[in-house]
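What follows is the content of target-v4.cif, which has mmCIF, C-alpha atoms:
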data_input
loop_
_atom_site.label_atom_id
_atom_site.label_comp_id
_atom_site.auth_asym_id
_atom_site.auth_seq_id
_atom_site.Cartn_x
_atom_site.Cartn_y
_atom_site.Cartn_z
CA MET Q 1 -78.89 16.02 -49.36
CA THR Q 2 -77.31 19.47 -49.19
CA THR Q 3 -73.71 19.97 -48.13
CA LYS Q 4 -74.80 21.97 -45.08
CA LEU Q 5 -77.25 19.27 -44.00
CA ALA Q 6 -74.63 16.56 -44.44
CA ALA Q 7 -72.15 18.55 -42.38
CA ALA Q 8 -74.71 19.10 -39.63
CA LEU Q 9 -75.57 15.41 -39.50
CA ALA Q 10 -71.87 14.54 -39.37
CA LEU Q 11 -71.39 16.88 -36.40
CA ILE Q 12 -74.35 15.36 -34.59
CA PHE Q 13 -72.98 11.87 -35.22
CA LEU Q 14 -69.52 12.91 -34.05
CA ALA Q 15 -70.91 14.50 -30.90
CA GLY Q 16 -72.90 11.38 -30.13
CA THR Q 17 -69.86 9.18 -30.72
CA CYS Q 18 -67.70 11.31 -28.38
CA ALA Q 19 -70.33 11.31 -25.65
CA ALA Q 20 -70.85 7.56 -25.95
CA ALA Q 21 -67.11 6.94 -25.75
CA TYR Q 22 -66.72 8.38 -22.24
CA PRO Q 23 -64.61 7.33 -20.47
CA GLU Q 24 -61.80 6.74 -22.95
CA ARG Q 25 -58.98 6.83 -20.39
CA PRO Q 26 -58.45 6.36 -16.63
CA ILE Q 27 -60.33 8.66 -14.25
CA ARG Q 28 -58.68 10.38 -11.29
CA LEU Q 29 -60.76 10.35 -8.11
CA VAL Q 30 -59.35 12.93 -5.72
CA VAL Q 31 -59.78 11.90 -2.09
CA PRO Q 32 -58.89 14.97 0.01
CA VAL Q 33 -57.68 13.02 3.04
CA ALA Q 34 -54.74 10.76 3.91
CA PRO Q 35 -55.07 7.00 3.42
CA GLY Q 36 -57.00 5.32 6.21
CA GLY Q 37 -59.58 8.03 6.84
CA ALA Q 38 -63.30 7.46 6.40
CA VAL Q 39 -63.49 9.41 3.13
CA ASP Q 40 -60.58 7.33 1.84
CA VAL Q 41 -62.34 4.08 2.76
CA VAL Q 42 -65.55 5.14 1.00
CA GLY Q 43 -63.63 6.57 -1.97
CA ARG Q 44 -61.80 3.30 -2.54
CA ILE Q 45 -65.00 1.27 -2.43
CA VAL Q 46 -66.65 3.63 -4.92
CA GLY Q 47 -63.56 3.84 -7.12
CA GLN Q 48 -63.27 0.08 -7.36
CA LYS Q 49 -66.90 -0.31 -8.39
CA LEU Q 50 -66.81 2.59 -10.85
CA SER Q 51 -63.82 0.95 -12.55
CA VAL Q 52 -65.93 -2.12 -13.22
CA LEU Q 53 -69.06 -0.25 -14.29
CA LEU Q 54 -67.28 2.28 -16.52
CA GLY Q 55 -64.67 -0.07 -17.97
CA GLN Q 56 -61.77 2.21 -17.06
CA ASN Q 57 -59.37 2.36 -14.12
CA VAL Q 58 -60.35 4.84 -11.42
CA ILE Q 59 -57.15 6.01 -9.77
CA ILE Q 60 -57.37 7.22 -6.16
CA ASP Q 61 -55.37 10.40 -5.63
CA ASN Q 62 -55.02 11.23 -1.91
CA ARG Q 63 -54.50 14.98 -1.41
CA ALA Q 64 -54.77 15.58 2.32
CA GLY Q 65 -54.77 18.87 4.18
CA ALA Q 66 -56.84 21.73 5.59
CA ASN Q 67 -60.03 19.71 6.11
CA TYR Q 68 -60.42 18.70 2.44
CA ILE Q 69 -59.58 22.18 1.11
CA ILE Q 70 -56.33 21.27 -0.68
CA GLY Q 71 -57.78 18.34 -2.62
CA THR Q 72 -61.06 20.11 -3.22
CA GLU Q 73 -59.33 23.13 -4.75
CA ILE Q 74 -57.46 20.84 -7.14
CA VAL Q 75 -60.76 19.53 -8.47
CA ALA Q 76 -62.34 22.99 -8.61
CA ARG Q 77 -59.50 24.10 -10.91
CA SER Q 78 -59.45 20.93 -13.06
CA ALA Q 79 -60.78 20.60 -16.59
CA PRO Q 80 -64.52 19.83 -16.52
CA ASP Q 81 -64.20 16.76 -18.72
CA GLY Q 82 -65.20 13.97 -16.35
CA TYR Q 83 -61.65 12.74 -15.83
CA THR Q 84 -61.08 14.43 -12.46
CA LEU Q 85 -63.67 13.77 -9.77
CA LEU Q 86 -63.91 14.46 -6.04
CA THR Q 87 -65.22 12.48 -3.10
CA THR Q 88 -65.83 14.33 0.16
CA ALA Q 89 -67.92 14.19 3.30
CA GLY Q 90 -69.71 16.69 5.52
CA GLY Q 91 -66.64 18.86 5.97
CA HIS Q 92 -67.33 20.21 2.48
CA THR Q 93 -70.42 22.06 3.69
CA ILE Q 94 -69.01 22.78 7.16
CA ASN Q 95 -65.93 24.63 5.87
CA PRO Q 96 -67.74 27.84 4.84
CA ALA Q 97 -68.88 28.24 8.46
CA VAL Q 98 -65.41 27.86 9.97
CA TYR Q 99 -63.06 29.39 7.39
CA ARG Q 100 -63.29 33.07 6.49
CA LYS Q 101 -62.12 32.54 2.94
CA LEU Q 102 -62.02 29.44 0.75
CA PRO Q 103 -60.21 29.19 -2.61
CA TYR Q 104 -63.45 28.04 -4.27
CA ASP Q 105 -67.20 28.43 -3.87
CA THR Q 106 -68.64 25.36 -2.15
CA LEU Q 107 -71.73 25.23 -4.34
CA ARG Q 108 -70.94 27.21 -7.48
CA ASP Q 109 -67.62 25.61 -8.41
CA PHE Q 110 -68.75 21.99 -8.48
CA ALA Q 111 -71.09 19.75 -10.43
CA PRO Q 112 -72.89 17.50 -7.90
CA ILE Q 113 -73.03 13.91 -9.12
CA SER Q 114 -74.49 11.80 -6.32
CA HIS Q 115 -74.98 11.58 -2.57
CA ILE Q 116 -73.26 8.23 -1.98
CA ALA Q 117 -74.11 7.29 1.60
CA ASN Q 118 -74.95 8.51 5.08
CA SER Q 119 -73.17 7.69 8.30
CA GLY Q 120 -75.62 7.10 11.11
CA GLY Q 121 -73.19 8.67 13.54
CA LEU Q 122 -69.67 8.89 14.91
CA VAL Q 123 -68.28 6.67 17.65
CA ILE Q 124 -66.89 8.45 20.71
CA VAL Q 125 -63.80 6.34 21.34
CA VAL Q 126 -60.90 6.37 23.79
CA HIS Q 127 -57.58 4.58 24.02
CA PRO Q 128 -57.92 1.44 26.22
CA SER Q 129 -55.59 2.99 28.83
CA PHE Q 130 -57.92 5.96 29.35
CA PRO Q 131 -59.74 5.69 32.72
CA ALA Q 132 -63.26 6.50 31.49
CA HIS Q 133 -65.41 3.48 30.70
CA SER Q 134 -68.63 5.39 30.04
CA LEU Q 135 -69.67 8.74 28.63
CA GLN Q 136 -70.70 9.95 32.08
CA GLU Q 137 -67.26 9.08 33.45
CA LEU Q 138 -65.70 11.12 30.62
CA ILE Q 139 -67.97 14.06 31.45
CA ASP Q 140 -67.12 13.80 35.16
CA MET Q 141 -63.38 13.72 34.40
CA ALA Q 142 -63.67 16.69 32.02
CA ARG Q 143 -65.60 18.73 34.58
CA ALA Q 144 -63.03 17.93 37.27
CA SER Q 145 -60.12 18.99 35.03
CA PRO Q 146 -61.32 21.61 32.51
CA GLY Q 147 -59.21 21.67 29.34
CA LYS Q 148 -56.95 18.82 30.44
CA ILE Q 149 -58.47 16.12 28.20
CA ILE Q 150 -57.40 16.27 24.56
CA TYR Q 151 -59.50 15.12 21.65
CA GLY Q 152 -58.14 14.70 18.14
CA SER Q 153 -60.00 15.46 14.93
CA ALA Q 154 -59.53 15.13 11.18
CA GLY Q 155 -59.08 18.91 10.94
CA VAL Q 156 -60.70 22.23 11.79
CA GLY Q 157 -64.23 22.19 10.41
CA ASN Q 158 -64.37 18.43 10.00
CA LEU Q 159 -67.41 16.72 11.52
CA THR Q 160 -65.03 15.04 13.98
CA HIS Q 161 -64.17 18.57 15.19
CA ILE Q 162 -67.69 20.03 15.13
CA ALA Q 163 -69.01 17.00 17.05
CA GLY Q 164 -66.50 17.71 19.81
CA GLU Q 165 -67.45 21.39 19.97
CA MET Q 166 -71.15 20.52 20.15
CA PHE Q 167 -70.41 17.98 22.89
CA GLN Q 168 -68.61 20.58 25.00
CA VAL Q 169 -71.53 23.00 24.74
CA MET Q 170 -74.24 20.41 25.41
CA ALA Q 171 -72.38 18.47 28.15
CA GLY Q 172 -71.04 21.59 29.86
CA VAL Q 173 -67.39 20.56 29.68
CA LYS Q 174 -64.12 21.97 28.38
CA LEU Q 175 -61.84 19.80 26.21
CA THR Q 176 -58.73 20.73 24.23
CA HIS Q 177 -58.95 20.22 20.48
CA VAL Q 178 -55.95 18.97 18.46
CA PRO Q 179 -56.61 19.03 14.70
CA TYR Q 180 -54.80 16.66 12.32
CA LYS Q 181 -54.46 16.78 8.53
CA SER Q 182 -57.07 14.01 8.24
CA ALA Q 183 -58.68 11.18 10.20
CA GLY Q 184 -56.01 8.57 9.45
CA PRO Q 185 -53.13 10.27 11.33
CA ALA Q 186 -55.44 11.16 14.22
CA ILE Q 187 -56.59 7.56 14.56
CA ASN Q 188 -52.98 6.35 14.42
CA ASP Q 189 -52.10 8.64 17.33
CA LEU Q 190 -55.19 7.51 19.20
CA LEU Q 191 -54.20 3.86 18.71
CA GLY Q 192 -50.69 4.70 19.91
CA GLY Q 193 -51.94 6.50 23.01
CA GLN Q 194 -50.61 9.93 22.00
CA ILE Q 195 -54.15 11.30 22.30
CA PRO Q 196 -56.85 9.77 24.52
CA LEU Q 197 -60.13 10.67 22.79
CA MET Q 198 -61.76 11.09 19.40
CA PHE Q 199 -65.21 11.55 17.96
CA GLY Q 200 -64.32 9.00 15.34
CA PRO Q 201 -65.82 8.39 11.88
CA SER Q 202 -67.56 5.01 11.88
CA PRO Q 203 -65.97 3.58 8.69
CA ALA Q 204 -62.48 4.20 10.09
CA VAL Q 205 -62.85 3.36 13.80
CA MET Q 206 -65.47 0.60 13.77
CA PRO Q 207 -62.94 -2.14 12.86
CA MET Q 208 -60.66 -0.93 15.69
CA VAL Q 209 -63.54 -1.05 18.17
CA GLN Q 210 -64.55 -4.53 17.07
CA ALA Q 211 -60.94 -5.69 17.41
CA GLY Q 212 -60.74 -4.28 20.95
CA ARG Q 213 -58.07 -1.73 20.05
CA LEU Q 214 -60.31 1.21 20.97
CA ARG Q 215 -62.96 1.50 23.69
CA PRO Q 216 -66.30 2.98 22.61
CA LEU Q 217 -68.14 5.24 25.06
CA ALA Q 218 -71.17 6.29 23.01
CA TYR Q 219 -72.61 6.63 19.52
CA THR Q 220 -73.52 10.07 18.17
CA GLY Q 221 -76.61 9.09 16.19
CA LEU Q 222 -80.04 9.27 17.78
CA LYS Q 223 -80.51 5.59 16.96
CA ARG Q 224 -78.07 2.88 18.11
CA SER Q 225 -75.61 1.39 15.65
CA ALA Q 226 -76.54 -2.04 14.30
CA GLN Q 227 -72.85 -2.97 14.51
CA LEU Q 228 -72.62 -1.97 18.19
CA PRO Q 229 -76.15 -2.60 19.50
CA THR Q 230 -75.15 -2.55 23.18
CA LEU Q 231 -73.45 0.84 22.88
CA PRO Q 232 -75.71 3.66 24.08
CA THR Q 233 -76.20 6.81 22.09
CA ALA Q 234 -74.92 10.05 23.59
CA ASP Q 235 -78.55 11.06 23.99
CA GLU Q 236 -79.28 7.90 25.99
CA ALA Q 237 -76.08 8.39 28.01
CA GLY Q 238 -77.28 11.75 29.32
CA VAL Q 239 -76.43 14.40 26.71
CA LYS Q 240 -80.03 14.89 25.65
CA GLY Q 241 -80.64 15.84 22.04
CA TYR Q 242 -77.00 15.37 21.03
CA GLU Q 243 -76.62 14.17 17.43
CA ALA Q 244 -73.73 14.24 14.95
CA THR Q 245 -74.16 12.37 11.68
CA GLY Q 246 -72.26 12.46 8.42
CA TRP Q 247 -72.50 11.81 4.69
CA TYR Q 248 -70.37 11.12 1.61
CA GLY Q 249 -70.76 12.45 -1.93
CA ILE Q 250 -69.08 12.69 -5.33
CA TYR Q 251 -68.69 15.71 -7.65
CA GLY Q 252 -66.98 16.97 -10.77
CA PRO Q 253 -65.74 20.50 -11.49
CA ARG Q 254 -68.27 23.14 -12.50
CA GLY Q 255 -69.09 22.82 -16.20
CA THR Q 256 -68.79 19.04 -16.40
CA PRO Q 257 -71.13 18.06 -19.29
CA LYS Q 258 -74.56 16.98 -18.11
CA ALA Q 259 -74.33 13.74 -20.10
CA ILE Q 260 -71.20 12.75 -18.18
CA VAL Q 261 -72.67 13.82 -14.82
CA ASP Q 262 -75.79 11.74 -15.52
CA GLN Q 263 -73.72 8.74 -16.61
CA LEU Q 264 -71.62 8.89 -13.45
CA SER Q 265 -74.68 9.42 -11.25
CA THR Q 266 -76.36 6.37 -12.77
CA ALA Q 267 -73.22 4.32 -12.11
CA VAL Q 268 -73.09 5.45 -8.46
CA ARG Q 269 -76.74 4.60 -7.99
CA GLN Q 270 -76.03 1.16 -9.42
CA LEU Q 271 -72.99 0.47 -7.29
CA VAL Q 272 -74.57 1.43 -3.95
CA GLN Q 273 -77.32 -1.13 -4.58
CA MET Q 274 -74.93 -4.01 -5.30
CA PRO Q 275 -75.21 -6.67 -2.57
CA ASP Q 276 -71.48 -6.70 -1.83
CA THR Q 277 -71.35 -2.89 -1.63
CA ARG Q 278 -74.32 -2.85 0.73
CA GLU Q 279 -72.63 -5.52 2.85
CA ARG Q 280 -69.40 -3.51 3.05
CA PHE Q 281 -71.31 -0.32 3.84
CA ALA Q 282 -73.30 -2.08 6.58
CA ALA Q 283 -70.07 -3.29 8.20
CA LEU Q 284 -68.89 0.33 8.23
CA ASN Q 285 -72.18 1.60 9.61
CA LEU Q 286 -73.10 3.37 6.37
CA GLU Q 287 -76.52 3.70 4.77
CA PRO Q 288 -76.38 3.61 0.94
CA ILE Q 289 -78.17 6.53 -0.72
CA GLY Q 290 -77.35 7.04 -4.42
CA SER Q 291 -79.17 10.23 -5.43
CA SER Q 292 -79.66 12.12 -8.66
CA PRO Q 293 -77.48 15.20 -9.31
CA GLU Q 294 -80.50 17.43 -8.67
CA GLU Q 295 -81.30 15.76 -5.35
CA PHE Q 296 -77.68 16.00 -4.25
CA ALA Q 297 -77.51 19.70 -5.16
CA GLN Q 298 -80.57 20.39 -3.02
CA PHE Q 299 -79.14 18.38 -0.13
CA LEU Q 300 -75.90 20.39 -0.26
CA LYS Q 301 -77.75 23.71 -0.02
CA GLN Q 302 -79.67 22.50 3.03
CA ASP Q 303 -76.55 21.07 4.71
CA LEU Q 304 -74.66 24.32 4.17
CA GLN Q 305 -77.38 26.20 6.04
CA LYS Q 306 -77.56 23.56 8.78
CA TYR Q 307 -73.88 23.83 9.67
CA ALA Q 308 -73.87 27.61 9.50
CA GLU Q 309 -76.49 27.51 12.25
CA ILE Q 310 -74.61 24.85 14.27
CA ALA Q 311 -71.36 26.82 14.12
CA THR Q 312 -73.17 29.89 15.43
CA LYS Q 313 -74.73 27.96 18.32
CA ALA Q 314 -71.38 26.34 19.21
CA GLY Q 315 -69.68 29.73 19.19
CA ILE Q 316 -67.13 28.69 16.55
CA GLN Q 317 -65.28 31.70 15.18
CA PRO Q 318 -64.24 31.47 11.49
CA GLN Q 319 -60.49 31.26 11.00
#
Let's see the structure in the file written out as C-alpha cells.
Amino acid sequence: MTTKLAAALALIFLAGTCAAAYPERPIRLVVPVAPGGAVDVVGRIVGQKLSVLLGQNVIIDNRAGANYIIGTEIVARSAPDGYTLLTTAGGHTINPAVYRKLPYDTLRDFAPISHIANSGGLVIVVHPSFPAHSLQELIDMARASPGKIIYGSAGVGNLTHIAGEMFQVMAGVKLTHVPYKSAGPAINDLLGGQIPLMFGPSPAVMPMVQAGRLRPLAYTGLKRSAQLPTLPTADEAGVKGYEATGWYGIYGPRGTPKAIVDQLSTAVRQLVQMPDTRERFAALNLEPIGSSPEEFAQFLKQDLQKYAEIATKAGIQPQ
C-alpha cells in the first residue's frame, strides 16, 4: 500500500468516525418564543424525544421577540455544525410578507430538517367575562362598536395576527390589534382579563378551554376539532370560507452537513410516530407529519407564496 493511499484511507476512516459520532455534546434548540406559547410546547416535546433518540441532552433556549425574528436570526448566524437548531411555526413564512426587511433570508439561510406537525386550526377564544357567547354575537358587537374590541396576538406577522386580519376582512368588522412578544404573554393577559379576545394557537389554549378558563367561540379549521367536537368552525358559524391553520418545523443553519440533516430528519420522523407523542399531539389538536428535508423545503416555498397572497388580500402593509 502506498503512503498516499494509506493517508487517503485514513482520512476516509476519520471522516466516517466523525460523522458517526454526532452528536458528541448537548444540542441547543432555539425556540423563538417565550415559555408557554405553542411553539414552545411543541419544541419541548420534540426536544425531549430527540434527547432520547440522539443520546444527548437537547437544551431549550427561549429567545422571544419580533414574531420569531430574534431567535431565528441567532440560528441563521450560528455555526452549521448541528449543535444549534431552530423550531418555528407559520410565522417564519409569514414574516417576509409583513416586514420590509429581515436580518436573514427565510429560505436561503436555513437547512430544512423536517415538517414536524400541522395544527388543524386556531381557537377563537374570549375571557369568560366577555359578553359574546357565539361568533355571531362577537360579529354583532364588533359591528356595533367598530375598533372597540381588542384582540391580542403573538406578534405582528404571527398566524394569530394574520387570522385576526383575515377575520376582519371576511366578517366585515373592525377590531383593534395588540401584538405581544409571543403567545404566552398574550394568553396570560387573556386569562387575566386584560384583553378580551384572541385567535389562539390550539396547543396553548386548548387546555385552558377544557378547564373552563377560556370560552371558545369557533374553530378556524374547515373541519371541526376532535378535541372540541361541539364547537362550530368559523365557516359553519357564518364566515364562509374562513380558514386559518398552522404548522411547526425544525431547521439548522445554512450549510449544516447533509449527513447531520438526514440523521436529525430521521429522528424527527421516528419521534412523531411514537404512540405517546401522537397521543400528546392529539390532545393539543396537532397532526403529526415528519417529512424529509426535501419535502419540507418544497412546503416552505409554497407557504411563503401563500402568505404573500393572503397579506395582499388582507391589505397588510409591510412594516
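Interatomic distance, atom CA of Q:Ala132 against atom CA of Q:Ile310: 27.6 Å.
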So which residues are close to (-78.4, 16.8, -6.3), meaning at most 12 Å away in the file's coordinates with all atoms listed in the file counted, and can you show them as JSON, numbers by chain? {"Q": [107, 110, 111, 112, 113, 114, 115, 116, 249, 250, 251, 261, 262, 265, 289, 290, 291, 292, 293, 294, 295, 296, 297, 298, 299, 300, 301, 302, 303]}
With only C-alpha atoms as the atoms that count, which of Q:Leu29, Q:Gln48, Q:Ala38, Q:Glu279 lies nearest to Q:Ile60? Q:Leu29
My list of candidates is Q:Pro179, Q:Pro201, Q:Pro23, Q:Gly192. Which is closest to Q:Leu54 when distances are computed with all atoms listed in the file? Q:Pro23
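Rounded to one decimal, atom CA of Q:Val123 and atom CA of Q:Ala97 lie 23.5 Å from each other.
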Atom CA of Q:Leu197 to atom CA of Q:Val126, distance in Å rounded to a single decimal: 4.5 Å
Evaluate the PyMOL selection byres ((chain Q and resi 46) around 12) here and jot the selected residues down as an NGL selection string. :Q and (29-31 or 39-45 or 47-54 or 57-60 or 85-88 or 114-117 or 248-250 or 264-265 or 267-274 or 276-278 or 280-281 or 288 or 290)
For this file, the PyMOL selection byres ((chain Q and resi 118) around 6) selects which residues, as a short mmCIF file (atom, residue, chain, number, x, y, z; two decimals) with C-alpha atoms, keeping the file's coordinate frame?
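Now in out17.cif:
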data_model
loop_
_atom_site.label_atom_id
_atom_site.label_comp_id
_atom_site.auth_asym_id
_atom_site.auth_seq_id
_atom_site.Cartn_x
_atom_site.Cartn_y
_atom_site.Cartn_z
CA ALA Q 117 -74.11 7.29 1.60
CA SER Q 119 -73.17 7.69 8.30
CA GLY Q 246 -72.26 12.46 8.42
CA TRP Q 247 -72.50 11.81 4.69
CA LEU Q 286 -73.10 3.37 6.37
CA GLU Q 287 -76.52 3.70 4.77
#
Residues matched by the PyMOL selection byres ((chain Q and resi 36) around 9), written as a ChimeraX atom specification: /Q:33-35,37-41,182-185,187,204
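Using all atoms listed in the file, the smallest distance between any of Q:Ala244, Q:Leu175, Q:Ile70, Q:Val205 and Q:Lys306 comes from Q:Ala244.
Ranking Q:Val98, Q:Val173, Q:Ala218, Q:Met141 by their shortest atom-to-atom distance to Q:Ile316, with all atoms listed in the file included, puts Q:Val98 first.
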Using all atoms listed in the file: which of Q:Met166, Q:Ala283, Q:Ala311, Q:Ile27 has the shortest distance to Q:Tyr242: Q:Met166
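Excluding Q:Pro128 itself and any same-chain residue fewer than 4 positions from it, the protein and nucleic acid residues within 8 Å of it, counting all atoms listed in the file, are Arg213, Leu214 and Arg215 of chain Q.
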Point (-70.8, 26.1, 1.3) neighbourhood (7 Å, all atoms listed in the file) written as a ChimeraX atom specification: /Q:92-96,105-107,304
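With distances restricted to all atoms listed in the file, Q:Gly172 is the closest residue to Q:Pro146 from Q:Ala21, Q:Gly172, Q:Asn285, Q:Glu309.
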Q:Val239 surroundings by all atoms listed in the file, 12 Å radius, close-in-sequence under 3 positions cut, as a ChimeraX atom specification: /Q:135-136,138-139,166-173,218-222,232-236,242-243
Give me, as CSV, the closest atom pair and its distance (Å, one decimal) for every residue of stretch 63-140 of chain Q within a cut-off of 7 Å of stretch 255-259 of chain Q, counting all atoms listed in the file, rows sorted by chain and rising number.
residue,atom,partner,partner_atom,distance
Q:Pro80,CA,Q:Thr256,CA,4.3
Q:Asp81,CA,Q:Thr256,CA,5.6
Q:Gly82,CA,Q:Thr256,CA,6.2
Q:Ala111,CA,Q:Thr256,CA,6.4
